[in-house]
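Notes follow the structure.
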Amino acid sequence: MIRLIGIDVDGTLVGSSGTVDPAVWKAAERARVAGIRLALCSGRPAFGVALEYARRLDPHGWHVFQNGASILDLATGQSRSEALPPTSVQLLIEHARSTDEVLELYSDARYVTESTSAWAREHAAILGIPFEARLFESLLEPIVRAQWLLSPQGVSRMMAAANPDFEVAQSTSPLMPGVRFVGLTRNGVSKGSAVRAIAAEYGVALQDVMYVGDAGNDLPAMRIVGYPVAMANAAPEVLQAAVRSVDHVDAGGLAQALDMAIRSEAGESLTR
């Protein structure tokens with residue numbers, strides 16, 4: 001039976017409208033009433049609209065941000081983070097300044113980019129915060145995640161020059177089609193490591209965890225839980241990793257997954 005559900009944001013909770021289907025919030029409430037813990041598991045940081053989503057899913061529970069680099073308990077304010085090696089961050093900064101590619105650096109509570117491009121501005125709007133370009137050095141807190149905003153061709157170049165200090169996770173957003181988000185966390189840090197930590201906090205076996213996602217950065221979590229579920233709009237490799245798929249994000253697929261978890265209480269099989 002499902003005791004914990006990890007929920008991705010872009011392409012899973014949030015569709016092309018940029019909002020959450022009201023049917024999803026209703027299904028989330030039914031899941032909570034059934035005693036199932038809900039954990040946001042996002043590549044987004046723990047501020048802006050992502051934090052609002054987490055509070056609405058479970059204002060008293062653990063949630064995952066920054067592809068696992070930040071794990072936050074909303075009830076106590078307790079957090080876990082894994083800072084990136086400073087020397088490796090400096091290499092990223094130098095590369096961004098020499099190429100004009102969009103780089104974002106994140107601490108637990110804020111972020112910075114030097115880019116003034118349309119992509120940088122659009123992404124700030126998606127995060128739900130005012131746009132302001134600032135020097136990378138103005139971010140004084142420990143940096144837990146870096147993120148490139150790239151074209152598909154740029155991703156190929158970036159992956160060819162991958163740094164072993166980093167865990168690399170790719171994702172997309174229906175709100176910025178054509179853009180690839182390449183998140184960099186400390187080696188060994190991923191949504192998978194974060195879901196494992198949250199399950200341990202709740203005393204839930206991984207075999208009793210459902211994870212719902214659509215992109216490559218969801219795979220580390222999907223590969224360790226008992227019930228990986230893919231959205232119909234998911235990348236091919238995500239569909240391959242899932243035991244079940246549900247409808248497209250714009251057709252209420254997440255609500256369908258939540259209701260499947262609730263029905264598992266009555267013994268319904270979650271396998272294909």
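Every chain in the structure tokens takes a letter, A first, then B, and so on in the order presented; its residues are numbered from 1, and the ligands are numbered from 1 following the presented order.
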
Skip Thr185 in chain A itself and residues of its chain fewer than 5 positions away, then list as a PyMOL selection string all residues within 10 Å of it, counting only C-alpha atoms.
chain A and resi 66-70+82-85+143-147+165-169+190

For Ser17 in chain A: contacts at 10 Å, only C-alpha atoms, fewer than 2 positions along chain excluded, given as an MDAnalysis selection string
chainID A and resid 14:15 19:21 174:175 250

Please produce a file of those selected residues containing C-alpha atoms, as a compact mmCIF listing (two decimals), in the first residue's frame.
```txt
# COMPACT_ATOMS: atom_id res chain seq x y z
CA VAL A 14 2.05 22.06 -13.46
CA GLY A 15 1.04 21.86 -17.11
CA THR A 19 -1.24 26.47 -13.09
CA VAL A 20 -2.35 23.37 -11.18
CA ASP A 21 -5.59 21.69 -12.22
CA PRO A 174 6.00 23.09 -20.80
CA LEU A 175 6.19 26.81 -20.01
CA ASP A 250 -3.00 18.83 -19.10
```

Nearest to Arg44 in chain A among A:Asp10, A:Asp247, A:Asp259, A:Glu237, with distances taken over only C-alpha atoms: which residue is it?
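Of the candidates, the smallest distance to Arg44 in chain A is held by A:Asp10.
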
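Among the candidates A:Tyr53, A:Ala34, A:Leu139, A:Met158, the residue lying nearest to His95 in chain A is A:Met158 (atoms considered: only C-alpha atoms).
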
Atom pair CA of Gly6 in chain A / CA of Ala221 in chain A: separation (Å):
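Value for the CA of Gly6 in chain A-CA of Ala221 in chain A distance: 8.4 Å.
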
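In this comparison, which uses only C-alpha atoms, the residue of A:Ala50, A:Val9, A:Ala261, A:Ala39 approaching Ser171 in chain A most closely is A:Val9.
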
Quick one: of A:Met159, A:Val64, A:Val179, A:Val24, who's nearest to Ala120 in chain A, counting only C-alpha atoms?
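Ranked by minimum distance to Ala120 in chain A, first place goes to A:Val179.
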
Point out the residue among A:Ala241, A:Val49, A:His63, A:Gly35 with the least atom-to-atom distance to Ile7 in chain A, counting only C-alpha atoms.
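Answer, going by the shortest atom-to-atom distance: A:His63.
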
Would you list the contacts of range 71-81 of chain A as number ranges by chain, taking every protein, DNA or RNA residue within 9 Å and counting only C-alpha atoms, but skipping same-chain residues closer than 4 positions in sequence?
A: 46, 54-55, 58-66, 107-108, 144, 194, 197-198

Let me see the file: selected residues, N, CA and C atoms, as a CSV table (one decimal), in the first residue's frame.
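Wrote part28.csv, looks like this:
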```
chain,number,residue,atom,x,y,z
A,46,ALA,N,13.5,26.4,-3.1
A,46,ALA,CA,12.5,26.4,-2.0
A,46,ALA,C,12.0,27.9,-1.7
A,54,ALA,N,4.4,23.3,-2.2
A,54,ALA,CA,4.8,22.4,-1.1
A,54,ALA,C,3.8,22.6,0.1
A,55,ARG,N,3.6,23.8,0.4
A,55,ARG,CA,2.7,24.1,1.6
A,55,ARG,C,1.3,23.6,1.3
A,58,ASP,N,1.4,19.6,1.6
A,58,ASP,CA,1.6,19.2,3.0
A,58,ASP,C,2.3,20.3,3.8
A,59,PRO,N,1.6,21.1,4.5
A,59,PRO,CA,2.3,22.2,5.3
A,59,PRO,C,3.1,21.8,6.5
A,60,HIS,N,3.0,20.5,6.8
A,60,HIS,CA,3.7,20.0,8.0
A,60,HIS,C,4.6,18.8,7.7
A,61,GLY,N,5.1,18.8,6.4
A,61,GLY,CA,5.9,17.6,6.0
A,61,GLY,C,7.2,18.0,5.4
A,62,TRP,N,7.9,17.0,4.9
A,62,TRP,CA,9.2,17.1,4.3
A,62,TRP,C,9.0,17.3,2.7
A,63,HIS,N,9.8,18.2,2.1
A,63,HIS,CA,9.7,18.4,0.7
A,63,HIS,C,11.1,18.5,0.1
A,64,VAL,N,11.2,18.2,-1.2
A,64,VAL,CA,12.5,18.1,-1.9
A,64,VAL,C,12.6,19.3,-2.9
A,65,PHE,N,13.6,20.0,-2.9
A,65,PHE,CA,13.9,21.1,-3.8
A,65,PHE,C,15.2,20.9,-4.4
A,66,GLN,N,15.5,21.6,-5.5
A,66,GLN,CA,16.8,21.7,-6.1
A,66,GLN,C,17.4,20.3,-6.5
A,107,SER,N,21.5,29.1,-3.6
A,107,SER,CA,21.6,28.7,-2.2
A,107,SER,C,20.3,28.1,-1.8
A,108,ASP,N,20.1,27.8,-0.5
A,108,ASP,CA,18.9,27.2,-0.1
A,108,ASP,C,17.7,28.2,-0.3
A,144,VAL,N,24.3,25.4,-3.4
A,144,VAL,CA,23.9,24.0,-3.4
A,144,VAL,C,23.6,23.5,-4.7
A,194,ALA,N,17.2,12.1,-2.0
A,194,ALA,CA,16.3,12.9,-1.2
A,194,ALA,C,15.1,12.1,-0.8
A,197,ALA,N,15.8,9.7,1.9
A,197,ALA,CA,15.9,10.4,3.2
A,197,ALA,C,14.6,10.7,3.8
A,198,ILE,N,13.7,11.2,2.9
A,198,ILE,CA,12.3,11.5,3.4
A,198,ILE,C,11.6,10.2,3.9
```

List the neighbours of Pro236 in chain A out to 12 Å using only C-alpha atoms; skip same-chain residues closer than 3 positions along the sequence, and give me the result as a count of residues only.
14

If you run DSSP on the backbone, which residues of range 3-80 of chain A are strand (DSSP E), as a ChimeraX atom specification?
/A:4-7,37-40,62-65,70-73,79-80
